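For reference, final_17.txt (compact mmCIF, C-alpha atoms):
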```txt
# COMPACT_ATOMS: atom_id res chain seq x y z
CA MET A 14 -34.19 63.15 18.96
CA GLN A 15 -35.54 60.02 17.38
CA GLU A 16 -35.50 56.91 19.51
CA VAL A 17 -32.91 54.38 18.44
CA LYS A 18 -34.39 50.92 18.09
CA VAL A 19 -31.96 48.22 19.09
CA ILE A 20 -32.38 45.07 17.04
CA LYS A 21 -31.14 42.26 19.23
CA ASN A 22 -30.33 39.70 16.59
CA VAL A 23 -30.79 38.64 13.03
CA LEU A 24 -33.99 36.74 13.69
CA GLU A 25 -35.57 39.67 15.53
CA ALA A 26 -34.68 42.04 12.69
CA ASN A 27 -36.11 39.50 10.26
CA ASP A 28 -39.36 39.24 12.21
CA LEU A 29 -39.95 43.01 12.11
CA ILE A 30 -39.65 43.00 8.32
CA ALA A 31 -41.78 39.85 8.10
CA ASP A 32 -44.54 41.59 10.07
CA ASN A 33 -44.43 44.45 7.63
CA ASN A 34 -44.63 42.06 4.66
CA ARG A 35 -47.60 40.32 6.33
CA LYS A 36 -49.38 43.66 6.73
CA LEU A 37 -48.90 44.46 3.05
CA PHE A 38 -50.15 41.01 2.02
CA LYS A 39 -53.24 41.39 4.22
CA GLU A 40 -54.07 44.87 2.95
CA ASN A 41 -53.98 43.49 -0.58
CA ASN A 42 -55.81 40.27 0.29
CA VAL A 43 -52.93 38.11 -0.96
CA PHE A 44 -52.63 34.58 0.42
CA VAL A 45 -48.96 33.65 0.71
CA ILE A 46 -47.35 30.23 1.00
CA ASN A 47 -43.66 29.57 1.65
CA ILE A 48 -42.56 26.17 0.32
CA ILE A 49 -39.65 24.45 2.05
CA SER A 50 -37.90 21.16 1.31
CA ALA A 51 -34.58 19.44 0.79
CA PRO A 52 -33.03 19.83 -2.68
CA GLY A 53 -34.79 17.69 -5.25
CA ALA A 54 -37.90 16.89 -3.21
CA GLY A 55 -40.04 18.11 -6.10
CA LYS A 56 -41.08 21.69 -5.30
CA THR A 57 -40.91 23.00 -8.85
CA THR A 58 -42.50 19.93 -10.46
CA MET A 59 -45.39 20.21 -7.99
CA LEU A 60 -45.70 23.94 -8.74
CA GLU A 61 -45.89 23.31 -12.49
CA LYS A 62 -48.91 21.06 -11.93
CA THR A 63 -50.51 23.29 -9.29
CA ILE A 64 -50.18 26.49 -11.32
CA ALA A 65 -51.55 24.77 -14.46
CA GLU A 66 -54.57 23.61 -12.43
CA LEU A 67 -55.31 26.74 -10.41
CA LYS A 68 -54.37 29.63 -12.68
CA SER A 69 -57.90 29.85 -14.08
CA LYS A 70 -59.29 30.21 -10.55
CA LEU A 71 -56.67 32.41 -8.87
CA ARG A 72 -54.31 35.17 -9.97
CA ILE A 73 -50.98 33.56 -9.05
CA ALA A 74 -47.47 35.02 -8.74
CA VAL A 75 -44.25 33.26 -7.74
CA ILE A 76 -41.05 34.30 -5.97
CA GLU A 77 -38.30 31.79 -6.77
CA GLY A 78 -35.40 31.45 -4.37
CA ASP A 79 -32.21 29.90 -5.69
CA ILE A 80 -28.55 30.02 -4.81
CA ALA A 81 -27.59 30.26 -8.46
CA THR A 82 -29.31 30.00 -11.86
CA THR A 83 -32.83 30.90 -12.95
CA ARG A 84 -33.74 27.32 -13.91
CA ASP A 85 -36.81 27.06 -11.71
CA ALA A 86 -38.08 30.50 -12.68
CA ASP A 87 -37.57 29.57 -16.34
CA ARG A 88 -39.66 26.43 -15.82
CA LEU A 89 -42.55 28.53 -14.46
CA ALA A 90 -42.29 31.42 -16.94
CA LYS A 91 -44.30 29.41 -19.49
CA PHE A 92 -47.47 29.95 -17.45
CA ASP A 93 -47.47 33.65 -18.22
CA ILE A 94 -47.73 34.67 -14.55
CA PRO A 95 -45.46 37.11 -12.70
CA VAL A 96 -42.29 35.33 -11.55
CA VAL A 97 -39.59 37.11 -9.52
CA GLN A 98 -36.22 35.39 -9.13
CA ILE A 99 -34.08 35.87 -6.03
CA ASN A 100 -30.52 34.61 -6.39
CA THR A 101 -29.11 34.32 -2.88
CA GLU A 102 -25.53 33.97 -4.20
CA GLY A 103 -24.59 31.28 -1.74
CA GLY A 104 -27.18 32.12 0.90
CA CYS A 105 -28.96 29.05 2.22
CA HIS A 106 -32.44 30.50 2.82
CA LEU A 107 -34.78 33.36 1.96
CA ASP A 108 -35.32 36.02 4.60
CA ALA A 109 -38.00 38.64 5.06
CA ASN A 110 -35.85 41.42 3.63
CA MET A 111 -35.33 39.55 0.34
CA ILE A 112 -39.10 39.11 0.10
CA ALA A 113 -39.70 42.79 0.95
CA ASN A 114 -37.39 43.76 -1.92
CA SER A 115 -38.97 41.28 -4.33
CA ILE A 116 -42.55 42.35 -3.78
CA ARG A 117 -41.67 45.87 -4.90
CA GLY A 118 -41.61 44.33 -8.37
CA LEU A 119 -45.12 42.86 -8.02
CA ASN A 120 -48.53 44.49 -8.14
CA LEU A 121 -49.99 42.91 -5.00
CA ALA A 122 -53.48 44.26 -5.71
CA GLN A 123 -53.55 41.97 -8.78
CA ILE A 124 -52.49 38.78 -6.93
CA ASP A 125 -54.65 36.27 -5.03
CA LEU A 126 -51.99 33.65 -4.31
CA LEU A 127 -48.28 34.38 -3.91
CA ILE A 128 -46.11 31.26 -3.90
CA ILE A 129 -42.61 31.56 -2.45
CA GLU A 130 -40.33 28.67 -3.41
CA ASN A 131 -37.52 28.67 -0.88
CA VAL A 132 -33.92 27.49 -1.39
CA GLY A 133 -33.65 23.68 -1.25
CA ASN A 134 -32.61 23.09 2.35
CA MET A 135 -34.48 21.35 5.17
CA VAL A 136 -32.81 23.37 7.90
CA CYS A 137 -32.30 27.12 7.63
CA PRO A 138 -35.39 28.18 5.64
CA ALA A 139 -37.58 26.76 8.41
CA GLU A 140 -36.12 29.33 10.84
CA PHE A 141 -37.10 32.44 8.89
CA ASP A 142 -40.59 33.92 8.87
CA VAL A 143 -41.00 35.94 5.68
CA GLY A 144 -44.56 37.11 6.36
CA GLU A 145 -46.33 34.15 4.76
CA ASN A 146 -49.75 32.82 5.82
CA SER A 147 -48.63 29.20 5.69
CA LYS A 148 -45.40 27.31 5.41
CA VAL A 149 -45.63 24.16 3.29
CA SER A 150 -43.11 21.30 3.44
CA ILE A 151 -42.40 18.68 0.80
CA ILE A 152 -40.59 15.46 1.56
CA SER A 153 -39.60 12.93 -1.08
CA ILE A 154 -40.07 9.34 0.10
CA ALA A 155 -36.73 8.59 -1.65
CA GLU A 156 -35.07 10.57 1.19
CA GLY A 157 -35.84 7.74 3.63
CA GLU A 158 -37.96 7.15 6.67
CA ASP A 159 -35.77 8.81 9.30
CA LYS A 160 -35.94 12.40 8.08
CA PRO A 161 -38.74 13.70 10.36
CA GLN A 162 -36.89 12.71 13.53
CA LYS A 163 -33.60 14.05 12.22
CA TYR A 164 -34.97 17.37 10.91
CA PRO A 165 -37.91 18.11 13.20
CA LEU A 166 -38.13 21.91 12.82
CA ILE A 167 -39.43 21.90 9.25
CA PHE A 168 -42.34 19.70 10.36
CA GLN A 169 -42.97 21.82 13.45
CA VAL A 170 -43.33 25.06 11.49
CA THR A 171 -45.28 23.90 8.43
CA ASP A 172 -49.07 23.56 8.21
CA VAL A 173 -49.14 20.95 5.49
CA CYS A 174 -46.59 18.39 4.34
CA LEU A 175 -46.73 16.97 0.82
CA VAL A 176 -45.29 13.44 0.86
CA ASN A 177 -43.99 13.27 -2.69
CA LYS A 178 -42.64 10.72 -5.20
CA MET A 179 -45.22 8.13 -4.16
CA ASP A 180 -44.70 6.66 -7.67
CA LEU A 181 -41.29 5.37 -6.46
CA LYS A 182 -42.75 3.48 -3.50
CA PRO A 183 -42.52 -0.02 -5.09
CA TYR A 184 -38.76 0.46 -5.51
CA LEU A 185 -37.89 1.78 -2.04
CA ASP A 186 -37.43 0.12 1.35
CA ILE A 187 -39.67 2.53 3.18
CA SER A 188 -42.83 2.43 5.23
CA VAL A 189 -44.76 5.55 4.26
CA GLU A 190 -47.09 4.84 7.19
CA ASN A 191 -44.16 5.05 9.63
CA LEU A 192 -42.92 8.20 7.92
CA ILE A 193 -46.30 9.90 8.27
CA SER A 194 -46.81 8.75 11.83
CA ASP A 195 -43.37 10.18 12.71
CA ILE A 196 -44.30 13.49 11.07
CA GLN A 197 -47.57 13.59 12.99
CA SER A 198 -45.89 12.77 16.29
CA ILE A 199 -43.69 15.85 15.79
CA ASN A 200 -46.67 18.03 14.86
CA PRO A 201 -50.13 16.55 15.46
CA THR A 202 -51.87 19.48 13.73
CA LEU A 203 -49.92 19.10 10.48
CA THR A 204 -51.91 17.89 7.46
CA THR A 205 -50.06 15.29 5.38
CA ILE A 206 -51.01 14.62 1.77
CA LYS A 207 -49.47 11.80 -0.28
CA ILE A 208 -48.74 12.96 -3.81
CA SER A 209 -46.80 12.18 -6.94
CA ALA A 210 -45.93 15.49 -8.57
CA LYS A 211 -44.80 13.44 -11.58
CA THR A 212 -48.05 11.53 -12.18
CA GLY A 213 -50.38 14.08 -10.55
CA ASP A 214 -51.73 11.59 -8.01
CA GLY A 215 -52.98 13.25 -4.82
CA LEU A 216 -52.67 16.80 -6.12
CA ASN A 217 -56.45 17.34 -5.98
CA GLU A 218 -56.37 17.05 -2.22
CA TRP A 219 -53.50 19.55 -2.05
CA HIS A 220 -55.35 22.01 -4.31
CA GLU A 221 -58.48 21.67 -2.18
CA TRP A 222 -56.40 22.40 0.95
CA LEU A 223 -54.99 25.49 -0.75
CA MET A 224 -58.39 26.80 -1.95
CA ARG A 225 -59.90 26.21 1.49
CA LYS A 226 -57.06 28.01 3.31
CA LYS A 227 -57.09 30.86 0.83
CA GLY A 228 -60.80 31.27 1.64
CA MET B 17 0.68 43.35 27.05
CA GLN B 18 -0.43 40.48 24.90
CA GLU B 19 -1.36 41.30 21.35
CA VAL B 20 -5.07 41.11 20.70
CA LYS B 21 -5.87 39.09 17.62
CA VAL B 22 -8.84 40.44 15.75
CA ILE B 23 -10.90 37.71 14.14
CA LYS B 24 -12.60 39.32 11.21
CA ASN B 25 -15.50 36.99 10.75
CA VAL B 26 -16.93 33.62 11.58
CA LEU B 27 -15.27 31.87 8.65
CA GLU B 28 -11.86 33.26 9.54
CA ALA B 29 -12.23 32.10 13.14
CA ASN B 30 -13.33 28.73 11.85
CA ASP B 31 -10.31 28.43 9.57
CA LEU B 32 -7.87 29.03 12.42
CA ILE B 33 -9.40 26.17 14.39
CA ALA B 34 -9.54 24.01 11.25
CA ASP B 35 -5.80 24.54 10.72
CA ASN B 36 -5.18 23.40 14.26
CA ASN B 37 -7.33 20.29 13.73
CA ARG B 38 -5.43 19.57 10.52
CA LYS B 39 -2.12 19.80 12.36
CA LEU B 40 -3.32 17.33 14.99
CA PHE B 41 -4.57 14.93 12.32
CA LYS B 42 -1.25 15.12 10.47
CA GLU B 43 0.82 14.56 13.61
CA ASN B 44 -1.19 11.41 14.27
CA ASN B 45 -1.23 10.28 10.64
CA VAL B 46 -5.04 10.28 10.51
CA PHE B 47 -6.71 10.62 7.11
CA VAL B 48 -9.93 12.61 7.48
CA ILE B 49 -12.91 12.82 5.14
CA ASN B 50 -15.88 15.16 5.55
CA ILE B 51 -19.01 13.80 3.87
CA ILE B 52 -21.58 16.30 2.63
CA SER B 53 -24.96 15.79 0.96
CA ALA B 54 -28.60 16.74 0.99
CA PRO B 55 -30.78 14.91 3.54
CA GLY B 56 -31.47 11.36 2.48
CA ALA B 57 -28.81 11.08 -0.22
CA GLY B 58 -27.52 7.93 1.46
CA LYS B 59 -24.50 8.95 3.56
CA THR B 60 -25.14 6.53 6.41
CA THR B 61 -26.14 3.59 4.19
CA MET B 62 -22.92 4.07 2.23
CA LEU B 63 -20.92 4.27 5.47
CA GLU B 64 -22.40 1.02 6.75
CA LYS B 65 -21.12 -0.77 3.64
CA THR B 66 -17.76 1.06 3.59
CA ILE B 67 -16.99 0.45 7.25
CA ALA B 68 -17.94 -3.25 6.96
CA GLU B 69 -15.56 -3.57 4.01
CA LEU B 70 -12.60 -1.54 5.25
CA LYS B 71 -12.55 -2.08 8.99
CA SER B 72 -10.20 -5.05 8.68
CA LYS B 73 -7.72 -2.89 6.74
CA LEU B 74 -7.96 0.44 8.58
CA ARG B 75 -8.67 1.57 12.11
CA ILE B 76 -11.78 3.69 11.52
CA ALA B 77 -13.59 6.21 13.73
CA VAL B 78 -16.67 8.29 12.94
CA ILE B 79 -17.95 11.70 14.00
CA GLU B 80 -21.68 11.90 13.32
CA GLY B 81 -23.28 15.32 12.86
CA ASP B 82 -27.01 15.57 13.36
CA ILE B 83 -29.46 18.28 14.26
CA ALA B 84 -31.32 15.96 16.59
CA THR B 85 -31.31 12.24 17.47
CA THR B 86 -28.49 9.69 17.52
CA ARG B 87 -30.05 7.50 14.82
CA ASP B 88 -27.08 7.52 12.47
CA ALA B 89 -24.58 6.97 15.27
CA ASP B 90 -26.74 4.07 16.50
CA ARG B 91 -26.65 2.52 13.02
CA LEU B 92 -22.82 2.60 13.04
CA ALA B 93 -22.32 1.51 16.65
CA LYS B 94 -22.74 -2.15 15.62
CA PHE B 95 -19.32 -2.07 13.96
CA ASP B 96 -17.59 -1.73 17.30
CA ILE B 97 -15.58 1.32 16.23
CA PRO B 98 -15.36 4.68 18.05
CA VAL B 99 -18.37 6.85 17.13
CA VAL B 100 -18.78 10.38 18.49
CA GLN B 101 -22.15 12.08 18.08
CA ILE B 102 -22.47 15.84 17.67
CA ASN B 103 -26.00 17.16 18.04
CA THR B 104 -26.04 20.64 16.57
CA GLU B 105 -29.43 21.45 18.17
CA GLY B 106 -30.77 23.22 15.14
CA GLY B 107 -27.41 24.14 13.60
CA CYS B 108 -27.24 23.43 9.89
CA HIS B 109 -23.58 22.41 9.56
CA LEU B 110 -20.54 21.20 11.48
CA ASP B 111 -17.77 23.70 12.12
CA ALA B 112 -14.14 23.31 13.07
CA ASN B 113 -14.79 24.04 16.73
CA MET B 114 -17.32 21.23 17.03
CA ILE B 115 -14.76 18.88 15.52
CA ALA B 116 -12.02 20.19 17.84
CA ASN B 117 -14.26 19.40 20.81
CA SER B 118 -15.22 15.97 19.48
CA ILE B 119 -11.70 14.74 18.85
CA ARG B 120 -10.85 15.24 22.51
CA GLY B 121 -12.93 12.10 23.01
CA LEU B 122 -10.91 10.11 20.47
CA ASN B 123 -7.44 8.57 20.65
CA LEU B 124 -6.10 9.89 17.36
CA ALA B 125 -2.95 7.78 17.59
CA GLN B 126 -5.17 4.72 17.24
CA ILE B 127 -7.06 5.92 14.15
CA ASP B 128 -6.12 5.61 10.45
CA LEU B 129 -9.33 6.95 8.92
CA LEU B 130 -11.65 9.47 10.56
CA ILE B 131 -14.99 9.84 8.81
CA ILE B 132 -17.02 12.96 9.53
CA GLU B 133 -20.66 12.68 8.47
CA ASN B 134 -21.95 16.22 8.19
CA VAL B 135 -25.52 17.46 8.73
CA GLY B 136 -27.73 16.72 5.70
CA ASN B 137 -27.61 20.01 3.82
CA MET B 138 -26.15 20.79 0.39
CA VAL B 139 -25.41 24.41 1.23
CA CYS B 140 -23.86 25.46 4.55
CA PRO B 141 -21.59 22.46 5.32
CA ALA B 142 -19.73 23.12 2.06
CA GLU B 143 -18.62 26.52 3.41
CA PHE B 144 -16.87 25.24 6.52
CA ASP B 145 -13.40 23.71 6.53
CA VAL B 146 -13.08 21.47 9.59
CA GLY B 147 -9.49 20.40 8.97
CA GLU B 148 -10.27 17.38 6.78
CA ASN B 149 -8.00 16.03 4.01
CA SER B 150 -10.86 15.58 1.56
CA LYS B 151 -14.46 16.63 1.29
CA VAL B 152 -16.72 13.99 -0.26
CA SER B 153 -20.14 14.73 -1.75
CA ILE B 154 -23.01 12.32 -2.30
CA ILE B 155 -25.88 13.07 -4.63
CA SER B 156 -28.92 10.84 -5.03
CA ILE B 157 -30.09 10.60 -8.63
CA ALA B 158 -33.65 10.81 -7.23
CA GLU B 159 -32.89 14.49 -6.48
CA GLY B 160 -32.98 15.28 -10.20
CA GLU B 161 -30.65 16.43 -12.90
CA ASP B 162 -30.53 20.15 -12.13
CA LYS B 163 -28.86 20.01 -8.71
CA PRO B 164 -25.23 20.66 -9.74
CA GLN B 165 -26.10 23.92 -11.47
CA LYS B 166 -28.35 25.00 -8.62
CA TYR B 167 -25.95 24.09 -5.79
CA PRO B 168 -22.50 24.52 -7.34
CA LEU B 169 -20.42 25.09 -4.18
CA ILE B 170 -20.66 21.52 -2.87
CA PHE B 171 -19.22 20.26 -6.18
CA GLN B 172 -16.52 22.95 -6.22
CA VAL B 173 -15.18 22.02 -2.78
CA THR B 174 -15.35 18.22 -2.87
CA ASP B 175 -12.69 15.90 -4.34
CA VAL B 176 -15.00 13.01 -5.11
CA CYS B 177 -18.73 12.80 -5.72
CA LEU B 178 -20.61 9.55 -5.18
CA VAL B 179 -23.60 9.45 -7.52
CA ASN B 180 -25.93 7.26 -5.45
CA LYS B 181 -29.19 5.33 -5.81
CA MET B 182 -28.25 4.07 -9.27
CA ASP B 183 -30.65 1.19 -8.54
CA LEU B 184 -33.54 3.66 -9.00
CA LYS B 185 -32.44 4.73 -12.47
CA PRO B 186 -35.04 2.69 -14.39
CA TYR B 187 -37.82 4.50 -12.52
CA LEU B 188 -36.57 8.08 -12.86
CA ASP B 189 -36.67 10.61 -15.71
CA ILE B 190 -33.03 11.49 -15.46
CA SER B 191 -29.94 11.39 -17.64
CA VAL B 192 -27.10 10.39 -15.32
CA GLU B 193 -24.69 11.30 -18.13
CA ASN B 194 -25.99 14.89 -18.16
CA LEU B 195 -25.83 15.00 -14.36
CA ILE B 196 -22.20 13.89 -14.34
CA SER B 197 -21.20 16.18 -17.19
CA ASP B 198 -22.77 19.11 -15.30
CA ILE B 199 -20.83 18.15 -12.16
CA GLN B 200 -17.60 17.95 -14.15
CA SER B 201 -18.19 21.28 -15.86
CA ILE B 202 -18.39 22.86 -12.38
CA ASN B 203 -15.25 21.07 -11.20
CA PRO B 204 -13.17 19.30 -13.87
CA THR B 205 -10.85 17.74 -11.27
CA LEU B 206 -13.70 16.10 -9.32
CA THR B 207 -13.84 12.30 -9.47
CA THR B 208 -17.39 10.96 -9.91
CA ILE B 209 -18.27 7.38 -8.98
CA LYS B 210 -21.68 5.84 -9.70
CA ILE B 211 -22.83 3.70 -6.78
CA SER B 212 -25.81 2.06 -5.21
CA ALA B 213 -25.25 2.09 -1.46
CA LYS B 214 -28.26 -0.24 -1.22
CA THR B 215 -27.00 -2.98 -3.56
CA GLY B 216 -23.27 -2.29 -3.13
CA ASP B 217 -22.70 -1.62 -6.85
CA GLY B 218 -19.76 0.68 -7.51
CA LEU B 219 -18.52 0.74 -3.92
CA ASN B 220 -15.28 -1.05 -4.84
CA GLU B 221 -14.21 1.92 -6.91
CA TRP B 222 -15.00 4.25 -4.00
CA HIS B 223 -13.03 2.09 -1.56
CA GLU B 224 -10.08 2.01 -3.95
CA TRP B 225 -10.19 5.82 -4.19
CA LEU B 226 -10.20 6.03 -0.40
CA MET B 227 -7.31 3.58 0.08
CA ARG B 228 -5.28 5.37 -2.61
CA LYS B 229 -5.85 8.82 -1.09
CA LYS B 230 -5.14 7.55 2.41
CA GLY B 231 -1.80 6.30 1.07
```

What is this file in structure tokens?
Amino acid sequence: MQEVKVIKNVLEANDLIADNNRKLFKENNVFVINIISAPGAGKTTMLEKTIAELKSKLRIAVIEGDIATTRDADRLAKFDIPVVQINTEGGCHLDANMIANSIRGLNLAQIDLLIIENVGNMVCPAEFDVGENSKVSIISIAEGEDKPQKYPLIFQVTDVCLVNKMDLKPYLDISVENLISDIQSINPTLTTIKISAKTGDGLNEWHEWLMRKKG
Amino acid sequence: MQEVKVIKNVLEANDLIADNNRKLFKENNVFVINIISAPGAGKTTMLEKTIAELKSKLRIAVIEGDIATTRDADRLAKFDIPVVQINTEGGCHLDANMIANSIRGLNLAQIDLLIIENVGNMVCPAEFDVGENSKVSIISIAEGEDKPQKYPLIFQVTDVCLVNKMDLKPYLDISVENLISDIQSINPTLTTIKISAKTGDGLNEWHEWLMRKKG
């Protein structure tokens, strides 16, 4: 008789599938990032710039997580790279099983960098490992200075934080220095990079981080 | 033998408690709003202005939902009104049971308006009835034009949507008219009010809405 595996809870079940995803990614030498932020922090705008810049150097594919619509996937389709859309139909995060299903539609052997754009939510996506190499956070400085202390988990679990919408700084009552020092007090090993996805400022540093990590 | 009530799922259990909260609020003639938005949309800044304006007309109390910290509650404590803090310790929304526990610490007979500030999250809080009279959404125009289509539920369940950070409009590539028409196509009965919580612009209309609904 086959042994019955008891899965204690949702997160444990998720982690088993995530480990399997990670194994598949490693076998195929795919570097995987999972991008997490609040709604409207600028994930897709950043990705448009990053894909345009790096697609001549890396074979890139994207998994787009959205509650409804294919708007973000549509924005990235113009780059002529594989884009898989997950509609969570109300679900507030991507989990490892959704990723496992999505990668069946991708030829992993032909991908160097797989970018997962999570549902816009600073809370739940940070709790779910999907088998990625690195989690990446984006915070818009228009969200205000107090976000790191109020939503610490996202900064604890990500390796790099893109501090976006720097072009709005003259019009906001915010100390970006305080914001970054709060982020670093939550996670001293986190790399923070100030960017404007709109103007392109700071993206070079982010692309260098990505190329270095990808190895 | 007592009949065993089978609670089918989390939302059903929640709704039973929410109905009980609603009954208590009604008995005490308390008008209750549940404010929902993404992180950093400006809930607390709006509340500072609204409480300052209305506290001479209404006896106001606040329940503050946060994942960690008491920063928002601290910002409202200066108004010398009852403020109860709920720390969800990682939880991404307030539910009816948390509210039921919190109101034990309030004298409902002495309150006209109870303001519940939910955890900053456009997704999960919209799913949970806590017994409020009205759900209120806030969207920052810095979040971009595509949010209503991507996160429809919050606009389906709220009665009024405050379109905030209008002061940033000159610096953003956004059509507020398109944003509002998208919101109204999702929910034609939703009232939208353009505000700047920072400058105070538009708040009169919001306060009039509140006084009218409170009755």

Give me the residues of chain A that have any atom at most 9 Å from an atom of chain B; for each, the nearest atom pair and the distance in Å, rounded to one decimal. Use all atoms listed in the file, sort by chain and number, and format it as CSV.
```
residue,atom,partner,partner_atom,distance
A:Ala51,CA,B:Pro55,CA,6.5
A:Pro52,CA,B:Ala54,CA,6.5
A:Gly53,CA,B:Glu159,CA,3.9
A:Ala54,CA,B:Glu159,CA,6.4
A:Gly55,CA,B:Glu159,CA,8.0
A:Asp79,CA,B:Lys166,CA,6.9
A:Ile80,CA,B:Lys166,CA,6.3
A:Ala81,CA,B:Lys166,CA,5.3
A:Thr82,CA,B:Lys166,CA,6.0
A:Thr83,CA,B:Lys166,CA,8.6
A:Arg84,CA,B:Lys166,CA,7.9
A:Gly103,CA,B:Val139,CA,7.5
A:Gly104,CA,B:Val139,CA,7.9
A:Cys105,CA,B:Val139,CA,5.9
A:Gly133,CA,B:Met138,CA,8.2
A:Asn134,CA,B:Asn137,CA,6.1
A:Met135,CA,B:Asn137,CA,7.1
A:Val136,CA,B:Cys108,CA,5.9
A:Cys137,CA,B:Cys108,CA,6.7
A:Ser153,CA,B:Glu159,CA,8.8
A:Ala155,CA,B:Ala158,CA,6.7
A:Glu156,CA,B:Gly56,CA,3.9
A:Gly157,CA,B:Gly56,CA,5.8
A:Glu158,CA,B:Gly56,CA,8.8
A:Asp159,CA,B:Arg87,CA,8.1
A:Lys160,CA,B:Gly56,CA,7.2
A:Gln162,CA,B:Thr85,CA,6.8
A:Lys163,CA,B:Ala84,CA,5.3
A:Tyr164,CA,B:Ile83,CA,6.5
A:Pro165,CA,B:Ala84,CA,7.7
A:Leu166,CA,B:Gly106,CA,7.8
A:Asp180,CA,B:Tyr187,CA,8.7
A:Leu181,CA,B:Tyr187,CA,7.0
A:Tyr184,CA,B:Leu184,CA,7.0
A:Leu185,CA,B:Leu184,CA,8.4
```

Exercise: region 224-229 of chain B partners within 10 Å, only C-alpha atoms, chain neighbours under 4 positions left out, as a list in words: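 Residues meeting the cut-off are Phe47, Ile49, Thr66, Leu70, Lys73, Leu74, Leu129, Asn149, Ser150, Val176, Thr207, Ile209, Leu219 and Asn220 of chain B.
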
Residues within 9 Å of Ile64 (chain A), all atoms listed in the file, excluding chain neighbours under 5 positions, as number ranges by chain: A: 59, 69, 73, 89, 92

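The nearest approach to Ala31 (chain A) among the residues A:Val43, A:Ile49, A:Leu203, A:Leu107, with all atoms listed in the file taken into account, belongs to A:Leu107.
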
Within-6 Å shell of (-41.9, 40.0, -6.8) in input frame, all atoms listed in the file, as a ChimeraX atom specification: /A:76,97,115-116,118-119

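Note that CA of Val143 (chain A) and CA of Asn30 (chain B) are 29.3 Å apart.
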